[in-house]
file entry06.txt (compact mmCIF, C-alpha atoms)
# COMPACT_ATOMS: atom_id res chain seq x y z
CA MET H 85 80.73 160.76 90.77
CA ALA H 86 77.64 162.18 92.50
CA SER H 87 76.54 159.58 95.06
CA ALA H 88 73.77 159.68 97.64
CA GLN H 89 74.59 159.79 101.34
CA PHE H 90 72.59 157.86 103.92
CA PRO H 91 73.10 157.39 107.68
CA GLU H 92 74.18 154.03 109.09
CA LEU H 93 71.03 152.93 110.89
CA ARG H 94 70.64 149.81 113.05
CA PHE H 95 67.39 148.24 114.18
CA LYS H 96 67.58 146.01 117.24
CA HIS H 97 64.62 143.82 116.33
CA LEU H 98 66.29 142.69 113.10
CA GLU H 99 68.81 140.73 115.20
CA ASP H 100 65.99 138.32 116.10
CA VAL H 101 65.17 137.42 112.47
CA VAL H 102 66.00 133.80 111.60
CA LEU H 103 67.14 133.60 107.99
CA PRO H 104 66.07 130.45 106.11
CA LYS H 105 68.67 127.89 105.08
CA VAL H 106 69.30 127.69 101.36
CA ALA H 107 70.31 125.02 98.87
CA ARG H 108 72.38 125.65 95.74
CA VAL H 109 70.26 124.60 92.75
CA ARG H 110 71.43 124.20 89.17
CA LEU H 111 69.08 125.02 86.29
CA ARG H 112 69.21 124.51 82.56
CA HIS H 113 67.86 126.97 80.01
CA PRO H 114 67.44 126.91 76.21
CA ALA H 115 70.91 127.04 74.67
CA GLY H 116 70.40 126.90 70.90
CA ASP H 117 73.54 126.55 68.79
CA PRO H 118 76.16 129.14 69.81
CA ILE H 119 78.09 130.72 66.95
CA ALA H 120 81.50 129.04 66.76
CA ASP H 121 83.25 131.76 64.72
CA VAL H 122 81.84 135.14 65.74
CA ALA H 123 84.46 137.15 63.84
CA GLY H 124 83.93 135.12 60.69
CA ALA H 125 80.16 135.58 60.90
CA ALA H 126 80.51 139.35 61.38
CA ALA H 127 82.88 139.72 58.43
CA LYS H 128 80.59 137.64 56.20
CA ALA H 129 77.57 139.74 57.20
CA ILE H 130 79.28 143.02 56.32
CA ARG H 131 80.52 141.70 52.98
CA SER H 132 76.97 140.59 52.13
CA SER H 133 75.67 144.17 52.07
CA ALA H 134 74.91 145.31 48.52
CA ARG H 135 74.79 148.95 49.68
CA LEU H 136 78.22 148.84 51.31
CA ASN H 137 79.73 146.98 48.38
CA ALA H 138 78.39 149.58 45.97
CA MET H 139 79.94 152.50 47.83
CA PRO H 140 83.17 154.01 46.39
CA ALA H 141 86.49 153.47 48.12
CA GLY H 142 87.19 156.08 50.76
CA SER H 143 83.58 156.32 51.91
CA VAL H 144 83.32 157.46 55.53
CA ILE H 145 81.15 155.06 57.54
CA ALA H 146 79.85 155.53 61.07
CA VAL H 147 79.51 152.38 63.18
CA ALA H 148 76.84 152.88 65.86
CA LEU H 149 77.37 151.07 69.17
CA GLY H 150 75.03 151.08 72.15
CA SER H 151 75.41 150.85 75.93
CA ARG H 152 74.41 147.22 76.46
CA GLY H 153 76.77 144.50 77.62
CA ILE H 154 76.41 142.16 74.63
CA ASN H 155 78.39 138.95 74.37
CA SER H 156 81.50 139.30 72.16
CA ILE H 157 80.61 142.90 71.28
CA PRO H 158 84.28 143.98 71.13
CA THR H 159 84.94 141.15 68.65
CA VAL H 160 81.88 141.95 66.57
CA ALA H 161 82.59 145.69 66.49
CA ARG H 162 86.30 145.30 65.72
CA THR H 163 85.58 142.79 62.94
CA VAL H 164 82.98 145.10 61.38
CA ILE H 165 85.48 147.96 61.46
CA ASP H 166 88.34 145.86 60.06
CA THR H 167 86.12 144.49 57.29
CA LEU H 168 84.98 147.98 56.31
CA LYS H 169 88.63 149.03 56.12
CA ALA H 170 89.44 146.00 53.97
CA MET H 171 86.63 147.07 51.62
CA GLY H 172 88.37 150.43 51.22
CA HIS H 173 86.15 152.45 53.56
CA VAL H 174 87.03 154.78 56.46
CA PRO H 175 85.07 153.78 59.60
CA PHE H 176 84.61 155.60 62.88
CA VAL H 177 82.42 154.82 65.91
CA VAL H 178 79.54 156.85 67.31
CA PRO H 179 77.87 156.13 70.68
CA ALA H 180 74.20 155.29 70.03
CA MET H 181 72.71 155.23 73.50
CA GLY H 182 70.18 158.04 73.86
CA SER H 183 70.83 159.82 77.15
CA HIS H 184 72.96 157.15 78.81
CA GLY H 185 76.33 158.10 80.22
CA GLY H 186 74.79 161.02 82.08
CA GLY H 187 73.68 162.61 78.82
CA THR H 188 77.19 163.83 77.95
CA ALA H 189 79.59 162.95 75.14
CA GLU H 190 82.35 162.22 77.63
CA GLY H 191 80.05 160.00 79.67
CA GLN H 192 79.04 158.02 76.61
CA VAL H 193 82.67 157.40 75.65
CA LYS H 194 83.20 156.11 79.19
CA VAL H 195 80.21 153.76 78.87
CA LEU H 196 81.77 152.29 75.72
CA ALA H 197 85.11 151.94 77.52
CA ASN H 198 83.43 150.02 80.33
CA LEU H 199 82.29 147.53 77.68
CA GLY H 200 85.81 147.18 76.29
CA LEU H 201 85.06 149.47 73.36
CA THR H 202 87.98 151.89 73.33
CA PRO H 203 89.67 153.44 70.26
CA GLU H 204 92.59 151.08 70.81
CA ALA H 205 90.37 147.99 70.99
CA LEU H 206 88.26 149.08 68.03
CA GLY H 207 91.07 150.26 65.79
CA CYS H 208 89.40 153.56 64.93
CA GLU H 209 88.39 156.85 66.50
CA ILE H 210 85.23 157.45 68.50
CA ARG H 211 83.40 160.63 67.56
CA ALA H 212 81.05 161.44 70.41
CA THR H 213 78.62 164.32 70.49
CA MET H 214 75.19 165.09 71.89
CA ASP H 215 74.51 167.38 68.91
CA VAL H 216 71.78 166.21 66.54
CA VAL H 217 70.19 167.04 63.22
CA ASP H 218 66.43 167.26 62.82
CA TYR H 219 64.85 165.00 60.20
CA GLY H 220 61.26 166.14 60.66
CA GLU H 221 58.11 165.38 62.59
CA THR H 222 55.87 162.36 63.17
CA ALA H 223 52.08 162.55 62.84
CA ASP H 224 51.78 163.02 66.61
CA GLY H 225 54.29 165.88 66.69
CA ALA H 226 57.50 164.14 67.83
CA ARG H 227 60.68 165.47 66.24
CA CYS H 228 63.07 162.95 64.69
CA LYS H 229 66.59 163.66 65.94
CA PHE H 230 69.77 161.94 64.71
CA ASP H 231 73.41 162.00 65.82
CA LYS H 232 75.14 164.84 63.95
CA ASN H 233 78.37 162.91 63.34
CA ALA H 234 76.49 159.90 62.00
CA ALA H 235 74.30 162.13 59.82
CA GLY H 236 77.42 163.57 58.20
CA ALA H 237 78.85 160.16 57.25
CA ASP H 238 78.44 158.54 53.85
CA ALA H 239 76.81 155.53 55.51
CA VAL H 240 75.93 154.19 58.97
CA VAL H 241 76.14 150.60 60.19
CA VAL H 242 74.25 149.92 63.43
CA ILE H 243 74.97 146.99 65.73
CA ASN H 244 72.49 145.91 68.39
CA ARG H 245 71.05 142.96 70.26
CA VAL H 246 67.43 141.96 69.62
CA LYS H 247 65.67 141.17 72.89
CA SER H 248 62.68 141.88 75.06
CA HIS H 249 62.26 145.44 76.26
CA THR H 250 62.41 146.04 79.99
CA THR H 251 58.99 147.63 80.35
CA PHE H 252 56.67 146.76 77.47
CA ASP H 253 55.56 143.81 75.35
CA ARG H 254 55.22 144.52 71.61
CA PRO H 255 55.98 142.76 68.29
CA ILE H 256 59.11 144.94 68.04
CA GLU H 257 60.95 145.82 71.23
CA SER H 258 64.72 146.30 71.63
CA GLY H 259 66.80 145.91 68.49
CA LEU H 260 67.75 147.70 65.30
CA VAL H 261 64.59 149.82 65.23
CA LYS H 262 65.06 151.05 68.80
CA ILE H 263 68.73 151.95 68.41
CA THR H 264 67.80 153.89 65.27
CA ALA H 265 65.02 155.91 66.91
CA VAL H 266 66.38 156.26 70.45
CA GLY H 267 70.08 155.39 70.47
CA LEU H 268 71.08 157.53 67.49
CA GLY H 269 68.54 160.16 68.52
CA LYS H 270 70.76 160.94 71.53
CA ALA H 271 69.16 162.65 74.55
CA ASP H 272 66.86 164.78 72.37
CA GLY H 273 65.61 161.73 70.48
CA ALA H 274 65.12 159.71 73.65
CA ARG H 275 63.02 162.51 75.12
CA ALA H 276 60.94 162.62 71.93
CA VAL H 277 60.18 158.91 72.24
CA HIS H 278 59.34 158.89 75.94
CA ARG H 279 57.59 162.26 76.25
CA THR H 280 54.04 160.87 76.31
CA GLY H 281 54.80 157.80 78.43
CA PRO H 282 54.57 154.06 77.64
CA PRO H 283 52.20 154.40 74.62
CA ALA H 284 54.98 156.24 72.80
CA LEU H 285 57.12 153.11 72.88
CA SER H 286 54.70 151.32 70.57
CA GLU H 287 53.58 154.29 68.48
CA THR H 288 56.09 157.15 68.46
CA LEU H 289 59.23 154.99 68.45
CA PRO H 290 58.50 153.12 65.18
CA ALA H 291 57.32 156.34 63.52
CA LEU H 292 60.60 158.06 64.40
CA ALA H 293 62.59 155.04 63.21
CA LYS H 294 60.82 155.12 59.83
CA ILE H 295 61.72 158.77 59.34
CA ALA H 296 65.33 158.16 60.33
CA LEU H 297 65.63 155.19 57.99
CA GLU H 298 64.22 157.24 55.11
CA ARG H 299 66.35 160.37 55.64
CA SER H 300 69.57 159.28 57.34
CA PRO H 301 72.56 157.53 55.76
CA ILE H 302 71.84 154.26 57.61
CA ALA H 303 72.80 151.49 55.20
CA PHE H 304 73.04 148.26 57.18
CA GLY H 305 72.56 146.62 60.54
CA ILE H 306 74.05 143.73 62.49
CA ALA H 307 71.35 142.02 64.57
CA LEU H 308 72.49 139.84 67.48
CA VAL H 309 70.58 137.31 69.56
CA GLU H 310 71.90 135.72 72.76
CA ASN H 311 70.85 132.56 74.56
CA ALA H 312 70.28 132.32 78.30
CA ALA H 313 74.01 131.79 78.85
CA LYS H 314 74.70 135.07 77.01
CA GLN H 315 76.25 133.25 74.06
CA LEU H 316 75.53 134.58 70.59
CA VAL H 317 73.21 132.26 68.67
CA VAL H 318 72.36 134.68 65.84
CA LEU H 319 74.50 137.23 64.02
CA GLU H 320 72.57 138.46 61.02
CA GLY H 321 73.29 141.21 58.52
CA VAL H 322 70.18 143.27 57.81
CA ASP H 323 69.57 145.79 55.02
CA ARG H 324 68.06 149.10 56.16
CA ASP H 325 64.78 148.26 54.40
CA ASP H 326 64.44 145.09 56.49
CA PHE H 327 65.00 146.44 60.02
CA PHE H 328 61.36 146.12 61.06
CA GLU H 329 60.90 142.62 59.64
CA ALA H 330 64.15 141.36 61.18
CA ASP H 331 63.41 142.81 64.61
CA GLU H 332 59.96 141.20 64.75
CA ARG H 333 61.20 137.81 63.53
CA LEU H 334 64.29 137.68 65.73
CA LEU H 335 62.43 138.89 68.84
CA LYS H 336 60.28 135.76 68.73
CA LEU H 337 63.45 133.66 68.65
CA ALA H 338 65.13 135.70 71.38
CA LYS H 339 62.22 135.16 73.76
CA THR H 340 62.59 131.38 73.44
CA HIS H 341 66.18 131.69 74.67
CA THR H 342 65.48 133.80 77.75
CA ALA H 343 66.20 132.45 81.24
CA ARG H 344 63.29 132.52 83.68
CA LEU H 345 62.55 131.32 87.20
CA PRO H 346 59.77 128.69 87.38
CA PHE H 347 57.77 130.42 90.12
CA ASP H 348 54.47 132.28 90.23
CA HIS H 349 55.20 133.66 93.70
CA ILE H 350 58.35 134.50 95.67
CA ASP H 351 58.31 136.00 99.15
CA ALA H 352 61.84 137.38 99.15
CA LEU H 353 64.19 137.84 96.19
CA VAL H 354 67.84 138.84 96.59
CA VAL H 355 69.53 140.23 93.46
CA GLU H 356 73.29 140.30 93.92
CA GLN H 357 73.95 142.60 90.95
CA ILE H 358 71.99 145.04 88.83
CA GLY H 359 73.31 147.07 85.90
CA LYS H 360 72.61 148.53 82.49
CA ASP H 361 74.72 145.75 80.97
CA ILE H 362 72.28 143.27 82.53
CA SER H 363 69.02 144.99 81.63
CA GLY H 364 67.93 148.42 80.49
CA ALA H 365 66.12 148.70 83.80
CA GLY H 366 68.95 147.19 85.84
CA MET H 367 67.02 143.96 86.35
CA ASP H 368 64.56 142.21 84.06
CA HIS H 369 60.90 142.61 85.04
CA ALA H 370 60.13 139.13 83.67
CA VAL H 371 62.28 137.73 86.49
CA THR H 372 61.48 140.21 89.27
CA GLY H 373 57.81 140.71 88.39
CA ARG H 374 58.29 144.48 88.59
CA ALA H 375 58.06 146.99 85.78
CA ASP H 376 56.24 149.33 88.20
CA LEU H 377 54.74 151.56 85.53
CA ARG H 378 51.46 153.01 86.71
CA SER H 379 49.71 152.44 83.39
CA ILE H 380 50.93 148.87 82.83
CA PRO H 381 50.21 145.81 85.04
CA ASN H 382 53.25 144.01 86.41
CA PRO H 383 53.95 140.58 84.90
CA PRO H 384 54.34 137.41 86.96
CA PRO H 385 55.88 136.28 89.21
CA PHE H 386 54.56 138.20 92.20
CA VAL H 387 57.55 139.03 94.40
CA SER H 388 56.69 140.44 97.81
CA ARG H 389 60.09 141.98 98.57
CA ILE H 390 63.36 142.55 96.68
CA ALA H 391 66.82 143.41 97.99
CA VAL H 392 69.71 144.56 95.77
CA LEU H 393 73.25 143.94 97.06
CA GLY H 394 75.51 145.28 94.33
CA LEU H 395 76.18 146.84 90.93
CA SER H 396 77.88 145.08 88.03
CA LYS H 397 81.39 146.20 87.05
CA ALA H 398 80.35 147.17 83.53
CA THR H 399 77.48 149.45 84.59
CA GLY H 400 79.94 152.14 85.67
CA GLY H 401 77.87 153.45 88.57
CA ASN H 402 74.62 153.47 86.60
CA GLY H 403 72.33 151.94 89.21
CA LEU H 404 69.11 152.61 87.32
CA GLY H 405 66.54 150.13 88.56
CA ILE H 406 67.48 150.51 92.22
CA GLY H 407 64.03 152.04 92.64
CA LEU H 408 62.44 148.67 91.82
CA ALA H 409 63.93 147.20 95.01
CA ASP H 410 62.61 147.47 98.56
CA PHE H 411 65.98 147.27 100.29
CA THR H 412 69.63 147.94 99.52
CA THR H 413 72.81 148.76 101.45
CA LEU H 414 75.05 151.71 102.22
CA ASP H 415 77.71 150.18 100.00
CA VAL H 416 75.39 150.05 96.99
CA ALA H 417 74.05 153.56 97.57
CA ALA H 418 77.59 154.93 97.63
CA LYS H 419 78.35 153.31 94.24
CA VAL H 420 75.26 154.64 92.45
CA ASP H 421 75.97 157.65 90.23
CA VAL H 422 72.90 159.76 90.91
CA GLN H 423 73.67 162.03 87.95
CA GLN H 424 73.39 159.07 85.57
CA ILE H 425 70.20 157.55 86.92
CA TYR H 426 68.45 160.90 87.27
CA MET H 427 69.42 161.84 83.71
CA ASN H 428 68.06 158.54 82.43
CA SER H 429 64.77 158.96 84.27
CA LEU H 430 64.34 162.61 83.32
CA THR H 431 64.80 161.60 79.69
CA SER H 432 62.70 158.44 79.71
CA THR H 433 60.02 159.95 82.03
CA LEU H 434 60.07 156.61 83.92
CA VAL H 435 61.05 158.19 87.21
CA GLU H 436 60.17 155.26 89.47
CA LYS H 437 63.37 153.36 88.62
CA SER H 438 65.64 156.07 90.09
CA ARG H 439 64.05 156.26 93.53
CA PHE H 440 66.02 154.87 96.44
CA PRO H 441 64.64 151.98 98.51
CA ILE H 442 65.25 151.58 102.25
CA VAL H 443 69.03 151.74 102.71
CA LEU H 444 70.39 149.56 105.51
CA ALA H 445 73.86 149.20 106.95
CA ASP H 446 74.93 145.91 105.37
CA ASP H 447 73.85 142.76 103.55
CA ARG H 448 72.90 140.97 106.76
CA ASP H 449 70.46 143.67 107.83
CA ALA H 450 69.07 143.96 104.29
CA LEU H 451 68.30 140.22 104.23
CA ARG H 452 66.83 140.29 107.72
CA ALA H 453 64.53 143.16 106.71
CA LEU H 454 63.69 141.40 103.45
CA VAL H 455 62.58 138.21 105.19
CA SER H 456 60.78 139.86 108.10
CA THR H 457 58.65 142.09 105.83
CA SER H 458 57.92 139.53 103.11
CA TRP H 459 54.46 138.49 104.41
CA SER H 460 55.58 134.88 104.87
CA LYS H 461 54.07 132.71 107.61
CA SER H 462 57.35 132.65 109.55
CA ASP H 463 60.99 133.42 108.95
CA PRO H 464 62.07 129.79 108.27
CA GLU H 465 59.10 129.26 105.92
CA THR H 466 59.95 132.27 103.75
CA GLU H 467 60.21 131.58 100.03
CA LEU H 468 63.74 133.01 99.66
CA CYS H 469 65.53 133.10 96.31
CA ILE H 470 69.04 134.51 95.76
CA ILE H 471 70.27 135.15 92.21
CA ARG H 472 73.46 136.63 90.79
CA SER H 473 71.45 138.81 88.38
CA THR H 474 68.34 138.51 86.24
CA LEU H 475 70.61 137.41 83.36
CA HIS H 476 72.47 134.74 85.30
CA LEU H 477 70.12 132.00 86.42
CA ASP H 478 72.17 128.82 85.91
CA GLU H 479 72.75 128.56 89.66
CA VAL H 480 70.46 129.99 92.31
CA LEU H 481 70.09 129.67 96.07
CA LEU H 482 66.66 128.59 97.28
CA SER H 483 65.06 128.06 100.67
CA SER H 484 63.18 124.83 101.34
CA ALA H 485 59.81 126.51 100.66
CA LEU H 486 60.71 126.94 96.97
CA LEU H 487 62.36 123.57 96.36
CA PRO H 488 59.19 121.55 95.53
CA ALA H 489 58.20 123.92 92.72
CA MET H 490 61.76 123.96 91.40
CA ARG H 491 62.01 120.16 91.38
CA ALA H 492 58.82 120.00 89.31
CA SER H 493 60.24 122.35 86.69
CA ALA H 494 61.79 121.30 83.40
CA ASN H 495 64.63 123.72 84.23
CA TYR H 496 65.72 121.72 87.29
CA VAL H 497 69.05 119.87 87.14
CA ASP H 498 70.10 119.10 90.73
CA GLU H 499 70.58 120.62 94.16
CA GLY H 500 72.97 120.65 97.09
CA PRO H 501 72.24 120.43 100.82
CA LEU H 502 70.43 123.11 102.80
CA GLU H 503 72.94 125.32 104.59
CA ASP H 504 72.94 128.45 106.73
CA LEU H 505 73.71 131.76 105.05
CA GLN H 506 77.20 132.96 105.96
CA PHE H 507 78.32 136.57 106.51
CA ASP H 508 81.71 138.12 107.24
CA GLU H 509 82.42 140.39 110.21
CA ALA H 510 81.30 143.45 108.22
CA GLY H 511 77.91 141.87 107.50
CA ARG H 512 78.70 141.09 103.85
CA LEU H 513 76.96 138.03 102.44
CA LEU H 514 79.47 135.27 101.70
CA THR H 515 76.99 132.63 100.50
CA ARG H 516 76.68 133.78 96.91
CA ALA H 517 75.05 132.55 93.73
CA TYR H 518 78.22 133.50 91.81
CA ALA H 519 81.98 133.10 92.19
CA ALA H 520 83.76 135.54 94.53
CA ASP H 521 85.95 136.90 91.73
CA MET H 522 82.86 138.25 89.94
CA ALA H 523 82.04 140.71 92.73
CA ALA H 524 81.63 144.35 91.72

call {"tool": "encode", "arguments": {"input": "entry06.txt", "output": "structure tokens"}}
result
Amino acid sequence: MASAQFPELRFKHLEDVVLPKVARVRLRHPAGDPIADVAGAAAKAIRSSARLNAMPAGSVIAVALGSRGINSIPTVARTVIDTLKAMGHVPFVVPAMGSHGGGTAEGQVKVLANLGLTPEALGCEIRATMDVVDYGETADGARCKFDKNAAGADAVVVINRVKSHTTFDRPIESGLVKITAVGLGKADGARAVHRTGPPALSETLPALAKIALERSPIAFGIALVENAAKQLVVLEGVDRDDFFEADERLLKLAKTHTARLPFDHIDALVVEQIGKDISGAGMDHAVTGRADLRSIPNPPPFVSRIAVLGLSKATGGNGLGIGLADFTTLDVAAKVDVQQIYMNSLTSTLVEKSRFPIVLADDRDALRALVSTSWSKSDPETELCIIRSTLHLDEVLLSSALLPAMRASANYVDEGPLEDLQFDEAGRLLTRAYAADMAA
């Protein structure tokens, strides 16, 4: 792994910073009705496809899987594969993740493995390539690329989560349409989408998806929606002709199930983990208030300073989004695979997310710098919020300055006493918003 090297720097004045006490606060978020039998729902969806049912026995079917950490994705994928086999077909898996995994076939297989999607777990082979076929050109000159292995199959089934995109707000964001245009387009397709910047996400992306749906062997999709607890609340089979309609309809539902913090302003936000399994940008801009695209205003809340203290296990060194933080640590910098984040940014053209923030020696110094530069009236009065990740907001740590706004929120459940933040001898934060066994 190619990691960045930084010196261990100490700043004497940071020792005088008084970190605010924090209280552990429990929140509730929209839960919906989680699917009780995920495997049964996946099998039923596949068997509902008229196109798949009409195909002759022995048809070779590519199952497209992306790079996101989706709840129960090994169960969904394995059930889809087993059901296709039971229908007499011959399935195999293709990685559908644009340029992720460092833009290599081997890297993309590793990304799937990090999500529990191995040939052994799936019950079929994974055919990974960065080679593509060309299906033609959009009106604005973008070339439609499509995974060569998938293009050679008799049919393609795509599986993806429908959710908000990490950088733009449109009727159709992340879902079946995006994995068709970008995921199956591999690195070449991802570059075609992002070449002209954010406008391409609302114009070029759907145009490329329409071409791919017309000319590729895509037959069916499995659309997934999660609630704020990352439980599946929707598993819907979608015919290729209905990808756009389903994405738009399910996105509205998905947004009602998204966890949010009830603040307009936060002085200092600590994010314990970022990762591609958490958000395409490492951390969700609707929580951090930072998309940091020069052509698009940032959404609320306004967060003065952000510190990142770790990477998730499933992200596999992909620390994309570290550039949205102001501070991080030597430990985090050493775990970031620079090859992966640079490849992602060079493909997406969103280079800001791969820049490194100020790298300090340990968690204690990062939090001291965070508080002392947050523009608060004083250290103890700092609006400090500590979260496990932007996906995990059931329990958070809040300083006293944020408690009144939290208590007034419909999300509020209860709180514990205010306590001092604790660190070990190496300066690692021990007072966490998540259990110790979840550490990366």

call {"tool": "atom_distance", "arguments": {"input": "entry06.txt", "atom1": "CA of Glu257 (chain H)", "atom2": "CA of Asp331 (chain H)"}}
result
7.7 Å

call {"tool": "closest_residue", "arguments": {"input": "entry06.txt", "among": "H:Leu292, H:Leu468, H:Leu430, H:Val240", "to": "Ala226 (chain H)", "atoms": "all atoms listed in the file"}}
result
H:Leu292

call {"tool": "residues_near_point", "arguments": {"input": "entry06.txt", "point": "(65.5, 165.8, 68.8)", "cutoff": "10 Å", "atoms": "only C-alpha atoms", "output": "PyMOL selection string"}}
result
chain H and resi 215-221+226-231+266+269-277

call {"tool": "write_last_selection", "arguments": {"input": "entry06.txt", "atoms": "C-alpha atoms", "output": "PDB file, in the coordinates of the input"}}
result
ATOM      1  CA  ASP H 215      74.510 167.380  68.910  1.00  0.00           C
ATOM      2  CA  VAL H 216      71.780 166.210  66.540  1.00  0.00           C
ATOM      3  CA  VAL H 217      70.190 167.040  63.220  1.00  0.00           C
ATOM      4  CA  ASP H 218      66.430 167.260  62.820  1.00  0.00           C
ATOM      5  CA  TYR H 219      64.850 165.000  60.200  1.00  0.00           C
ATOM      6  CA  GLY H 220      61.260 166.140  60.660  1.00  0.00           C
ATOM      7  CA  GLU H 221      58.110 165.380  62.590  1.00  0.00           C
ATOM      8  CA  ALA H 226      57.500 164.140  67.830  1.00  0.00           C
ATOM      9  CA  ARG H 227      60.680 165.470  66.240  1.00  0.00           C
ATOM     10  CA  CYS H 228      63.070 162.950  64.690  1.00  0.00           C
ATOM     11  CA  LYS H 229      66.590 163.660  65.940  1.00  0.00           C
ATOM     12  CA  PHE H 230      69.770 161.940  64.710  1.00  0.00           C
ATOM     13  CA  ASP H 231      73.410 162.000  65.820  1.00  0.00           C
ATOM     14  CA  VAL H 266      66.380 156.260  70.450  1.00  0.00           C
ATOM     15  CA  GLY H 269      68.540 160.160  68.520  1.00  0.00           C
ATOM     16  CA  LYS H 270      70.760 160.940  71.530  1.00  0.00           C
ATOM     17  CA  ALA H 271      69.160 162.650  74.550  1.00  0.00           C
ATOM     18  CA  ASP H 272      66.860 164.780  72.370  1.00  0.00           C
ATOM     19  CA  GLY H 273      65.610 161.730  70.480  1.00  0.00           C
ATOM     20  CA  ALA H 274      65.120 159.710  73.650  1.00  0.00           C
ATOM     21  CA  ARG H 275      63.020 162.510  75.120  1.00  0.00           C
ATOM     22  CA  ALA H 276      60.940 162.620  71.930  1.00  0.00           C
ATOM     23  CA  VAL H 277      60.180 158.910  72.240  1.00  0.00           C
TER      24      VAL H 277
END

call {"tool": "closest_residue", "arguments": {"input": "entry06.txt", "among": "H:Ile157, H:Ala291, H:Met181, H:Ala146", "to": "Gly225 (chain H)", "atoms": "all atoms listed in the file"}}
result
H:Ala291

call {"tool": "residues_around", "arguments": {"input": "entry06.txt", "residues": "Ala375 (chain H)", "least_positions_apart": "5", "cutoff": "12 Å", "atoms": "only C-alpha atoms", "output": "compact mmCIF listing (two decimals) with C-alpha atoms, in the coordinates of the input"}}
result
# COMPACT_ATOMS: atom_id res chain seq x y z
CA HIS H 249 62.26 145.44 76.26
CA THR H 250 62.41 146.04 79.99
CA THR H 251 58.99 147.63 80.35
CA PHE H 252 56.67 146.76 77.47
CA ASP H 253 55.56 143.81 75.35
CA PRO H 282 54.57 154.06 77.64
CA SER H 363 69.02 144.99 81.63
CA GLY H 364 67.93 148.42 80.49
CA ALA H 365 66.12 148.70 83.80
CA GLY H 366 68.95 147.19 85.84
CA MET H 367 67.02 143.96 86.35
CA ASP H 368 64.56 142.21 84.06
CA HIS H 369 60.90 142.61 85.04
CA ALA H 370 60.13 139.13 83.67
CA ILE H 380 50.93 148.87 82.83
CA PRO H 381 50.21 145.81 85.04
CA ASN H 382 53.25 144.01 86.41
CA PRO H 383 53.95 140.58 84.90
CA PRO H 384 54.34 137.41 86.96
CA PRO H 385 55.88 136.28 89.21
CA PHE H 386 54.56 138.20 92.20
CA VAL H 387 57.55 139.03 94.40
CA GLY H 405 66.54 150.13 88.56
CA ILE H 406 67.48 150.51 92.22
CA GLY H 407 64.03 152.04 92.64
CA LEU H 408 62.44 148.67 91.82
CA ALA H 409 63.93 147.20 95.01
CA LEU H 434 60.07 156.61 83.92
CA VAL H 435 61.05 158.19 87.21
CA GLU H 436 60.17 155.26 89.47
CA LYS H 437 63.37 153.36 88.62

call {"tool": "atom_distance", "arguments": {"input": "entry06.txt", "atom1": "CA of Val147 (chain H)", "atom2": "CA of Arg324 (chain H)"}}
result
13.8 Å

call {"tool": "closest_residue", "arguments": {"input": "entry06.txt", "among": "H:Ala510, H:Leu316, H:Ala492, H:Ala417", "to": "Ala120 (chain H)", "atoms": "only C-alpha atoms"}}
result
H:Leu316

call {"tool": "residues_around", "arguments": {"input": "entry06.txt", "residues": "Thr159 (chain H)", "least_positions_apart": "5", "cutoff": "12 Å", "atoms": "all atoms listed in the file", "output": "PyMOL selection string"}}
result
chain H and resi 121-127+154+164-167+199-201+205-207+243+316

call {"tool": "atom_distance", "arguments": {"input": "entry06.txt", "atom1": "CA of Leu481 (chain H)", "atom2": "CA of Leu454 (chain H)"}}
result
15.3 Å

call {"tool": "residues_near_point", "arguments": {"input": "entry06.txt", "point": "(76.2, 151.3, 66.6)", "cutoff": "9 Å", "atoms": "all atoms listed in the file", "output": "PyMOL selection string"}}
result
chain H and resi 146-150+161+177-181+240-244+263-264+267-268+305-306

call {"tool": "closest_residue", "arguments": {"input": "entry06.txt", "among": "H:Gly259, H:Pro91, H:Gly400, H:Pro114", "to": "Gln192 (chain H)", "atoms": "all atoms listed in the file"}}
result
H:Gly400

call {"tool": "residues_around", "arguments": {"input": "entry06.txt", "residues": "Tyr518 (chain H)", "least_positions_apart": "3", "cutoff": "12 Å", "atoms": "all atoms listed in the file", "output": "list of chain:residue names"}}
result
H:Arg108, H:Val109, H:Arg110, H:Val355, H:Glu356, H:Gln357, H:Ile470, H:Ile471, H:Arg472, H:Ser473, H:His476, H:Leu477, H:Asp478, H:Glu479, H:Val480, H:Leu481, H:Leu513, H:Leu514, H:Thr515, H:Asp521, H:Met522, H:Ala523, H:Ala524
